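One file, entry_36.cif, is given below (mmCIF, C-alpha atoms).
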data_data
loop_
_atom_site.label_atom_id
_atom_site.label_comp_id
_atom_site.auth_asym_id
_atom_site.auth_seq_id
_atom_site.Cartn_x
_atom_site.Cartn_y
_atom_site.Cartn_z
CA ASP A 847 104.91 113.46 113.70
CA HIS A 848 106.26 110.05 112.71
CA ARG A 849 108.24 109.08 109.63
CA ASP A 850 109.75 105.77 108.48
CA LEU A 851 112.86 104.67 106.64
CA HIS A 852 112.73 101.23 105.06
CA SER A 853 115.97 99.30 104.53
CA PHE A 854 115.97 95.88 102.90
CA PRO A 855 118.88 93.40 102.82
CA THR A 856 118.89 91.98 99.30
CA ARG A 857 119.34 88.28 100.01
CA ARG A 858 116.44 86.48 98.39
CA SER A 859 115.92 84.05 101.25
CA SER A 860 115.97 86.77 103.90
CA ASP A 861 112.94 87.84 105.87
CA LEU A 862 114.78 90.75 107.48
CA HIS A 863 112.91 94.02 107.09
CA PHE A 864 113.76 97.06 109.15
CA VAL A 865 111.34 99.91 109.64
CA LEU A 866 112.85 102.40 112.03
CA GLY A 867 111.20 105.66 112.97
CA PHE A 868 113.26 108.64 114.09
CA GLU A 869 111.56 110.56 116.84
CA GLU A 870 112.92 113.24 119.13
CA GLU A 871 110.47 115.52 120.82
CA HIS A 872 113.05 118.28 121.16
CA ILE A 873 113.99 118.33 117.46
CA ASP A 874 111.87 119.97 114.77
CA THR A 875 111.58 117.34 112.00
CA HIS A 876 109.83 119.56 109.49
CA PHE A 877 112.95 120.47 107.49
CA TRP A 878 115.80 118.19 106.48
CA TYR A 879 118.56 120.42 107.83
CA ASN A 880 117.20 120.14 111.39
CA VAL A 881 117.18 116.34 111.28
CA LEU A 882 120.39 115.58 109.38
CA PRO A 883 122.89 116.19 112.24
CA THR A 884 121.05 113.76 114.55
CA ILE A 885 120.79 111.01 111.94
CA SER A 886 124.45 111.50 110.98
CA LYS A 887 125.47 110.62 114.53
CA ASP A 888 123.06 107.69 114.92
CA ASN A 889 124.32 104.20 114.04
CA SER A 890 121.28 102.18 115.13
CA VAL A 891 120.28 101.04 111.65
CA MET A 892 123.75 99.83 110.72
CA GLU A 893 124.16 98.08 114.08
CA SER A 894 120.77 96.38 113.66
CA LEU A 895 121.72 95.14 110.21
CA ARG A 896 125.03 93.78 111.46
CA LYS A 897 123.43 91.98 114.39
CA LYS A 898 120.48 90.49 112.50
CA SER A 899 122.25 89.54 109.27
CA ILE A 900 123.48 85.96 109.41
CA GLU A 901 125.98 86.51 106.62
CA LYS A 902 127.89 89.59 105.53
CA LEU A 903 125.65 92.11 103.82
CA HIS A 904 126.92 93.10 100.36
CA SER A 905 124.02 95.15 99.01
CA ALA A 906 120.89 96.94 100.18
CA ILE A 907 117.79 98.68 98.86
CA ILE A 908 116.64 101.92 100.48
CA PHE A 909 113.04 103.02 99.96
CA SER A 910 112.26 106.59 100.98
CA SER A 911 109.90 109.46 100.35
CA VAL A 912 111.72 112.80 100.40
CA TRP A 913 109.04 115.39 101.11
CA ASP A 914 109.34 115.23 104.91
CA GLY A 915 112.34 116.19 107.03
CA VAL A 916 113.28 112.69 108.19
CA GLY A 917 113.08 110.95 104.81
CA SER A 918 114.97 113.69 102.97
CA ALA A 919 117.73 113.85 105.61
CA SER A 920 118.04 110.07 106.00
CA LEU A 921 118.51 109.28 102.33
CA PRO A 922 121.98 110.76 101.67
CA ILE A 923 123.19 109.83 105.16
CA PHE A 924 122.37 106.14 104.76
CA ILE A 925 123.84 106.04 101.26
CA LYS A 926 127.04 107.36 102.83
CA LYS A 927 126.90 104.90 105.75
CA PHE A 928 126.41 101.93 103.40
CA LYS A 929 129.28 103.16 101.22
CA GLU A 930 131.60 103.43 104.23
CA ALA A 931 130.66 99.84 105.15
CA ASN A 932 131.48 98.66 101.58
CA ILE A 933 127.82 97.85 100.93
CA ASP A 934 126.36 98.73 97.52
CA SER A 935 122.97 100.42 97.73
CA LEU A 936 120.10 101.25 95.40
CA SER A 937 117.76 104.00 96.57
CA ILE A 938 114.14 104.08 95.43
CA VAL A 939 113.08 107.70 95.92
CA VAL A 940 109.51 108.98 95.77
CA LEU A 941 109.34 112.67 94.85
CA PRO A 942 106.50 114.88 96.14
CA SER A 943 103.30 115.51 94.27
CA LYS A 944 103.01 118.70 92.26
CA ILE A 945 100.18 119.82 94.53
CA GLN A 946 102.16 119.41 97.75
CA PRO A 947 103.29 122.64 99.43
CA LYS A 948 106.58 124.37 98.76
CA ASP A 949 108.30 123.04 101.88
CA ALA A 950 107.86 119.45 100.61
CA HIS A 951 109.71 120.34 97.41
CA PHE A 952 112.39 122.16 99.43
CA ASN A 953 113.07 118.95 101.38
CA ALA A 954 113.15 116.92 98.15
CA CYS A 955 115.55 119.36 96.53
CA GLY A 956 117.87 119.20 99.53
CA ALA A 957 117.81 115.39 99.45
CA LEU A 958 118.66 115.19 95.73
CA GLU A 959 121.42 117.79 95.92
CA ASN A 960 123.04 115.94 98.82
CA CYS A 961 122.67 112.58 97.04
CA LEU A 962 124.43 113.97 93.98
CA ALA A 963 127.29 115.07 96.24
CA THR A 964 127.54 111.65 97.95
CA ASP A 965 129.83 108.88 96.69
CA GLY A 966 128.07 105.60 96.01
CA ALA A 967 124.65 107.09 95.28
CA THR A 968 122.49 105.22 92.77
CA VAL A 969 119.00 106.71 92.87
CA LEU A 970 115.82 105.57 91.11
CA LEU A 971 113.43 108.53 90.88
CA LEU A 972 109.67 107.99 90.95
CA GLU A 973 107.02 110.70 91.12
CA ARG A 974 104.28 110.35 93.71
CA ASP A 975 101.57 111.42 91.25
CA GLN A 976 102.58 108.66 88.81
CA ILE A 977 102.66 106.01 91.53
CA GLU A 978 99.25 106.90 92.94
CA SER A 979 97.64 107.00 89.50
CA TYR A 980 99.18 103.71 88.32
CA GLU A 981 96.87 100.99 87.00
CA GLY A 982 98.01 97.60 85.80
CA VAL A 983 97.82 93.88 86.52
CA ASP A 984 100.11 91.41 88.26
CA ARG A 985 101.30 88.01 87.05
CA LYS A 986 97.99 86.45 88.08
CA GLY A 987 95.98 89.03 86.19
CA GLU A 988 94.83 90.72 89.40
CA PRO A 989 94.60 94.55 89.42
CA ILE A 990 97.49 96.68 90.68
CA LYS A 991 96.38 100.18 91.62
CA GLY A 992 98.20 103.12 93.14
CA ASN A 993 100.68 102.46 95.94
CA MET A 994 100.42 98.68 95.42
CA ILE A 995 102.97 99.11 92.65
CA ALA A 996 105.66 99.98 95.24
CA ASN A 997 105.29 96.54 96.86
CA TYR A 998 105.30 94.88 93.46
CA LEU A 999 108.52 96.64 92.48
CA LEU A 1000 110.25 95.72 95.72
CA ASN A 1001 109.28 92.05 95.37
CA LEU A 1002 110.63 92.03 91.83
CA PHE A 1003 113.89 93.73 92.83
CA LEU A 1004 114.46 91.38 95.76
CA ALA A 1005 113.94 88.37 93.50
CA LYS A 1006 117.10 89.30 91.56
CA ASN A 1007 120.15 88.66 93.76
CA THR A 1008 122.58 90.56 91.55
CA LEU A 1009 120.38 93.59 90.81
CA VAL A 1010 122.02 96.10 93.16
CA GLU A 1011 125.53 94.94 92.29
CA GLU A 1012 124.89 95.28 88.56
CA ILE A 1013 123.06 98.63 88.56
CA THR A 1014 125.56 100.26 90.93
CA GLU A 1015 128.46 99.03 88.78
CA LEU A 1016 126.82 100.66 85.76
CA SER A 1017 126.28 103.83 87.80
CA ARG A 1018 129.95 104.00 88.84
CA THR A 1019 131.34 103.18 85.40
CA PHE A 1020 129.45 106.00 83.68
CA ASN A 1021 129.38 108.37 86.65
CA THR A 1022 125.57 108.46 86.54
CA LYS A 1023 123.64 108.68 89.81
CA LEU A 1024 120.07 109.39 88.72
CA PHE A 1025 117.80 106.85 87.02
CA THR A 1026 114.09 106.54 86.39
CA ALA A 1027 111.98 103.63 85.17
CA LEU A 1028 109.60 102.41 82.52
CA LEU A 1029 107.54 99.54 83.87
CA VAL A 1030 105.80 96.52 82.36
CA THR A 1031 103.68 94.46 84.76
CA GLY A 1032 101.82 91.23 84.10
CA SER A 1033 101.66 91.82 80.33
CA SER A 1034 100.36 88.84 78.37
CA TYR A 1035 102.65 87.98 75.46
CA ASN A 1036 99.75 86.49 73.52
CA ILE A 1037 97.64 89.64 73.94
CA PHE A 1038 100.38 92.21 73.24
CA GLY A 1039 101.97 90.11 70.52
CA SER A 1040 105.52 91.48 71.03
CA LEU A 1041 107.90 93.16 73.44
CA ASP A 1042 107.72 96.30 71.27
CA ASN A 1043 104.03 96.70 72.02
CA MET A 1044 104.64 96.21 75.74
CA LEU A 1045 107.32 98.93 75.70
CA ASN A 1046 105.07 101.28 73.73
CA ALA A 1047 102.42 100.90 76.43
CA ALA A 1048 104.98 101.47 79.21
CA LEU A 1049 106.18 104.68 77.55
CA LEU A 1050 102.69 106.15 77.92
CA ASN A 1051 103.01 105.98 81.72
CA PRO A 1052 106.55 106.97 82.74
CA PHE A 1053 107.30 107.30 86.46
CA LEU A 1054 109.11 110.60 85.91
CA ASN A 1055 108.69 113.48 83.52
CA PHE A 1056 112.14 113.32 81.89
CA ASP A 1057 113.87 113.92 78.56
CA LEU A 1058 114.17 110.44 76.99
CA PRO A 1059 116.22 111.57 73.92
CA SER A 1060 119.00 112.73 76.28
CA ALA A 1061 119.23 109.34 78.07
CA SER A 1062 122.44 107.34 77.62
CA LEU A 1063 122.20 104.25 79.87
CA LEU A 1064 119.79 101.33 80.05
CA TYR A 1065 119.56 98.40 82.46
CA VAL A 1066 116.72 95.92 81.95
CA LEU A 1067 115.30 93.47 84.49
CA LEU A 1068 112.74 90.91 83.28
CA ARG A 1069 110.65 88.23 84.95
CA MET A 1070 108.97 85.68 82.69
CA PRO A 1071 107.74 82.05 82.61
CA LEU A 1072 110.43 79.49 81.84
CA ARG A 1073 108.26 78.12 79.03
CA LEU A 1074 108.82 81.38 77.09
CA LYS A 1075 112.60 81.04 77.19
CA GLU A 1076 112.86 79.40 73.76
CA LYS A 1077 110.47 81.89 72.17
CA LEU A 1078 112.21 84.87 73.83
CA PRO A 1079 115.89 84.02 74.38
CA ARG A 1080 118.06 86.66 76.01
CA GLY A 1081 119.72 87.55 72.71
CA LYS A 1082 116.39 88.21 70.99
CA ILE A 1083 115.22 90.32 73.94
CA GLU A 1084 118.38 92.45 73.77
CA LEU A 1085 118.04 92.98 70.01
CA THR A 1086 114.35 93.91 70.28
CA ILE A 1087 114.94 96.44 73.08
CA THR A 1088 118.00 97.92 71.34
CA ASN A 1089 116.05 98.48 68.13
CA TRP A 1090 113.13 100.00 70.06
CA PHE A 1091 115.42 102.57 71.72
CA LYS A 1092 117.35 103.30 68.51
CA GLU A 1093 114.48 105.46 67.23
CA LYS A 1094 114.24 107.39 70.49
CA THR A 1095 117.77 108.01 71.81
CA THR A 1096 121.43 107.09 71.38
CA LEU A 1097 122.52 104.89 74.25
CA GLN A 1098 126.13 104.47 75.40
CA SER A 1099 125.42 101.22 77.19
CA ILE A 1100 122.63 98.63 77.27
CA TYR A 1101 122.68 95.82 79.82
CA ILE A 1102 120.01 93.12 79.74
CA THR A 1103 120.45 91.05 82.87
CA GLU A 1104 119.64 87.34 82.90
CA PRO A 1105 115.83 87.15 83.25
CA ILE A 1106 114.16 85.77 86.35
CA TYR A 1107 112.41 82.59 85.18
CA THR A 1108 109.28 81.38 86.95
CA GLN A 1109 107.60 77.96 86.88
CA ASP A 1110 104.03 79.20 86.35
CA MET A 1111 102.08 78.32 83.22
CA THR A 1112 101.05 81.87 82.28
CA ASP A 1113 102.46 83.99 79.45
CA ARG A 1114 102.75 87.15 81.56
CA ILE A 1115 105.96 89.23 81.59
CA ASP A 1116 107.26 91.81 84.06
CA ALA A 1117 110.00 94.25 83.05
CA VAL A 1118 111.68 97.24 84.64
CA LEU A 1119 113.77 99.46 82.39
CA PHE A 1120 116.22 101.57 84.42
CA ILE A 1121 116.98 104.61 82.29
CA GLY A 1122 119.91 106.84 83.26
CA GLY A 1123 122.12 109.61 81.96
CA PHE A 1124 119.18 111.82 81.00
CA GLU A 1125 119.44 115.60 81.32
CA ALA A 1126 118.51 116.37 84.92
CA THR A 1127 119.82 119.93 85.11
CA LYS A 1128 116.51 121.52 84.11
CA MET A 1129 114.54 119.35 86.53
CA LEU A 1130 116.78 120.34 89.44
CA SER A 1131 116.84 123.97 88.30
CA ASP A 1132 113.04 124.11 88.20
CA MET A 1133 112.88 122.62 91.70
CA GLU A 1134 115.39 125.17 93.03
CA THR A 1135 113.46 128.04 91.45
CA LYS A 1136 110.26 126.85 93.10
CA VAL A 1137 111.84 126.75 96.57
CA LYS A 1138 114.20 129.73 96.22
CA SER A 1139 112.52 131.78 98.95
CA LEU A 1140 112.82 128.91 101.47
CA LYS A 1141 116.42 128.25 100.55
CA ASP A 1142 117.36 131.95 100.77
CA HIS A 1143 115.78 132.13 104.21
CA ALA A 1144 117.66 129.02 105.42
CA VAL A 1145 120.95 130.41 104.08
CA GLU A 1146 120.31 133.83 105.64
CA LYS A 1147 119.59 132.24 109.03
CA GLY A 1148 122.78 130.18 108.81
CA PHE A 1149 121.09 126.78 108.66
CA ILE A 1150 122.58 125.75 105.29
CA THR A 1151 125.09 126.97 102.71
CA GLU A 1152 124.42 127.90 99.10
CA ASP A 1153 125.50 124.40 98.01
CA TRP A 1154 122.96 122.72 100.33
CA LYS A 1155 125.33 121.72 103.12
CA VAL A 1156 124.22 121.93 106.74
CA VAL A 1157 126.19 124.53 108.66
CA ALA A 1158 128.06 122.90 111.52
CA LYS A 1159 127.20 124.51 114.82
CA ILE A 1160 130.17 124.83 117.19
CA GLU A 1161 129.07 124.88 120.79
CA THR A 1162 131.31 127.03 122.99
CA ALA A 1163 131.88 125.75 126.51
CA PRO A 1164 130.72 128.16 129.19
CA ASN A 1165 133.37 130.15 131.04
CA ILE A 1166 133.03 128.57 134.45
CA ALA A 1167 135.46 131.03 136.00
CA GLU A 1168 133.28 133.92 134.92
CA ILE A 1169 130.13 132.22 136.15
CA LEU A 1170 131.64 131.59 139.55
CA LYS A 1171 133.50 134.90 139.77
CA VAL A 1172 133.22 136.29 143.28
CA VAL A 1173 132.09 139.86 143.46
CA GLU A 1174 132.70 141.77 146.65
CA PRO A 1175 129.19 142.43 147.96
CA PRO A 1176 128.21 145.63 149.68
CA LYS A 1177 127.80 145.47 153.40
CA VAL A 1178 124.34 144.21 154.14
CA ASP A 1179 122.80 142.18 156.89
CA ASP A 1180 123.44 138.41 157.05
CA SER A 1181 119.94 137.37 155.99
CA LYS A 1182 120.32 139.16 152.64
CA ILE A 1183 123.68 137.49 152.00
CA VAL A 1184 122.17 134.06 152.60
CA ASN A 1185 119.31 134.80 150.20
CA LYS A 1186 121.70 136.05 147.52
CA GLU A 1187 123.89 132.95 147.75
CA ALA A 1188 120.84 130.75 147.40
CA THR A 1189 119.78 132.71 144.31
CA ILE A 1190 123.22 132.32 142.69
CA GLU A 1191 123.25 128.58 143.41
CA GLU A 1192 119.80 128.14 141.89
CA THR A 1193 120.85 130.05 138.78
CA ILE A 1194 123.91 127.86 138.28
CA ASN A 1195 121.84 124.70 138.70
CA VAL A 1196 119.33 125.86 136.07
CA ASN A 1197 122.10 126.62 133.57
CA GLY A 1198 123.70 123.26 134.20
CA ASN A 1199 120.53 121.36 133.38
CA GLU A 1200 119.95 122.83 129.93
CA GLY A 1201 120.34 120.63 126.83
CA PHE A 1202 118.69 117.93 124.71
CA GLU A 1203 118.42 114.28 125.56
CA GLY A 1204 119.70 111.68 123.09
CA ALA A 1205 117.64 110.76 120.02
CA THR A 1206 115.42 107.72 120.36
CA ILE A 1207 114.44 105.11 117.78
CA ALA A 1208 111.10 103.35 117.68
CA GLU A 1209 110.28 100.27 115.68
CA PRO A 1210 106.74 100.50 114.28
CA PRO A 1211 104.99 97.46 112.80
CA ILE A 1212 106.03 96.53 109.28
CA SER A 1213 103.56 97.53 106.58
CA ILE A 1214 105.43 96.35 103.49
CA ASP A 1215 104.43 92.99 102.03
CA GLU A 1216 106.91 90.13 102.40
CA PRO A 1217 109.08 89.67 99.27
CA LYS A 1218 108.05 86.71 97.23
CA ASN A 1219 110.47 84.18 95.82
CA ALA A 1220 110.89 84.21 92.06
CA GLU A 1221 109.38 80.75 91.84
CA GLU A 1222 106.08 81.87 93.35
#

The structure given in the file should be rewritten as structure tokens.
Amino acid sequence: DHRDLHSFPTRRSSDLHFVLGFEEEHIDTHFWYNVLPTISKDNSVMESLRKKSIEKLHSAIIFSSVWDGVGSASLPIFIKKFKEANIDSLSIVVLPSKIQPKDAHFNACGALENCLATDGATVLLLERDQIESYEGVDRKGEPIKGNMIANYLLNLFLAKNTLVEEITELSRTFNTKLFTALLVTGSSYNIFGSLDNMLNAALLNPFLNFDLPSASLLYVLLRMPLRLKEKLPRGKIELTITNWFKEKTTLQSIYITEPIYTQDMTDRIDAVLFIGGFEATKMLSDMETKVKSLKDHAVEKGFITEDWKVVAKIETAPNIAEILKVVEPPKVDDSKIVNKEATIEETINVNGNEGFEGATIAEPPISIDEPKNAEE
């Protein structure tokens, strides 16, 4: 059973990708609460980043599915570790499919509840069903289908040096940790005719089933050819997007970051609209209801608390004096005494050898495409 956590330094010129698998044959990785204590103690990822990063790391992107034990346990832990290291982080989180079993949703629920309780969490929620059913085109007009969109998103995010800094600042200012996205990919301005039409098309395929009228925050990242800059200046883009949202929700804040300009001769535009502040209580409540039996069982067994915290297990040191306590033996022949002493010694040796070995980390081959520079 092997799971991966992907962590990406967000320097545009960097080719540093880390894909570390957490494997420990003695630890059951099926549920998040079994894995979390081990990952909490492990500093391999942070040490690898420090050693391999030429300059000080200021921001990072975490990409994780949360239906398995390792992914769901790793997410809040690494958000916390990055926060403690004064590194801003953006987490791209893939939620389980509706048809996945109940235990997958239990892990996802545990991950989200712990993220919400973790300082520095800025989480972009994407549903697995929406990712796998996605159909679009890239900037060259080539098809993008299913999971390919994850690579496309990562390349776009890594092309904007200030993305994580800006979105996390918005998250902190308005105390909003959960976001989702509307996505425009490779849309021809000549074919669609306007940004409004592109946004209307994006709204038909949201990456999360959420309540748009309750949303209050918007951050917009665009990538477009430099030759469209005069036709679509930043001010016009901001006005168009503001008017489009005015009919759908009342936003407290709208931030249109400086677009990424490319040198190609196409008229194709990419845009990611980070939408935050939406009502997430019902979504989390529905998830908790679905997994109530699993949660109740975990609480009853003492694995977690009602507020989704892992119960710390205190190991009591054995009473050596009691183990080695000398009991006056009855009078027997010498051969029986020798055998009994041997038996006691063997028993003590067996007890002394119990325990788990330390967790190990494997580095599987990287399967994520290399980020592309904005100029490509």

Exercise for the section: Just say which residues the PyMOL selection byres ((chain A and resi 973-988) around 9) picks in this file, as a VMD selection string. Expected result: chain A and resid 911 939 to 944 971 to 972 989 to 996 998 1030 to 1034 1051 to 1055 1112 to 1116

Completion exercise
Using all atoms listed in the file, the shortest atom-to-atom distance to Phe1025 (chain A) among A:Gly956, A:Gly915, A:Pro947, A:Gly1123 belongs to A:Gly1123

Exercise for the section: For CA of Lys1082 (chain A) and CA of Leu1002 (chain A), quote the distance in Å rounded to one decimal. Expected result: 22.0 Å

Under the rule of at most 8 Å, produce a per-residue listing of region 940-1049 of chain A near region 1131-1137 of chain A: chain, number, name, the closest pair of atoms, and the distance in Å, as a Markdown table, using all atoms listed in the file.
| residue | atom | partner | partner_atom | distance |
| --- | --- | --- | --- | --- |
| A:Lys948 | CA | A:Val1137 | CA | 6.2 |
| A:Asp949 | CA | A:Val1137 | CA | 7.4 |
| A:His951 | CA | A:Val1137 | CA | 6.8 |
| A:Phe952 | CA | A:Val1137 | CA | 5.4 |
| A:Cys955 | CA | A:Met1133 | CA | 6.4 |

Handout entry: Shortest interatomic distance to Ser935 (chain A) - which of A:Ala1126, A:Leu1029, A:Ile907, A:Ile873, counting all atoms listed in the file
Key =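 Checking each candidate against Ser935 (chain A), we get A:Ile907 as the closest.
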
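Take CA of Ser1099 (chain A) and CA of Phe1020 (chain A): the distance between them is 9.0 Å.
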
Problem - Counting all atoms listed in the file, the residue of A:Ala906, A:Ala1061, A:Val891, A:Leu1085 that sits nearest Ile1121 (chain A) - result: A:Ala1061

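Between CA of Glu1152 (chain A) and CA of Asp888 (chain A) the separation is 25.7 Å.
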
Practice task
Can you give me, as number ranges by chain, the residues this file yields under the PyMOL selection byres ((chain A and resi 1069-1075) around 7)?
Solution key: A: 1068, 1076-1079, 1105-1117

Problem - Nearby residues (only C-alpha atoms) at most 6 Å from Leu1028 (chain A), same-chain spacing under 2 positions excluded, as a list in words - result: Ala1048, Pro1052, Val1118 and Leu1119 of chain A

Can you pull out the residues contacting Ile925 (chain A)? Cut-off 7 Å, using all atoms listed in the file, and skip same-chain residues under 3 positions away; I want them as a JSON list (two decimals) with C-alpha atoms, in the coordinates of the input.
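Result saved to result.json:
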[["chain", "number", "residue", "atom", "x", "y", "z"],
["A", 921, "LEU", "CA", 118.51, 109.28, 102.33],
["A", 922, "PRO", "CA", 121.98, 110.76, 101.67],
["A", 928, "PHE", "CA", 126.41, 101.93, 103.40],
["A", 929, "LYS", "CA", 129.28, 103.16, 101.22],
["A", 935, "SER", "CA", 122.97, 100.42, 97.73],
["A", 966, "GLY", "CA", 128.07, 105.60, 96.01],
["A", 967, "ALA", "CA", 124.65, 107.09, 95.28]]

Handout entry: Selection under test: the PyMOL selection byres ((chain A and resi 1156) around 12); residues as a ChimeraX atom specification
Key = /A:877-884,886,919,956-957,959-960,1141,1144-1145,1147-1155,1157-1159

Handout entry: Residue nearest Gln1098 (chain A) - candidates A:Leu1140, A:Leu1016, A:Met1129, A:Leu1050, atoms counted: all atoms listed in the file
Key =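 When distances to Gln1098 (chain A) are compared using all atoms listed in the file, the smallest one comes from A:Leu1016.
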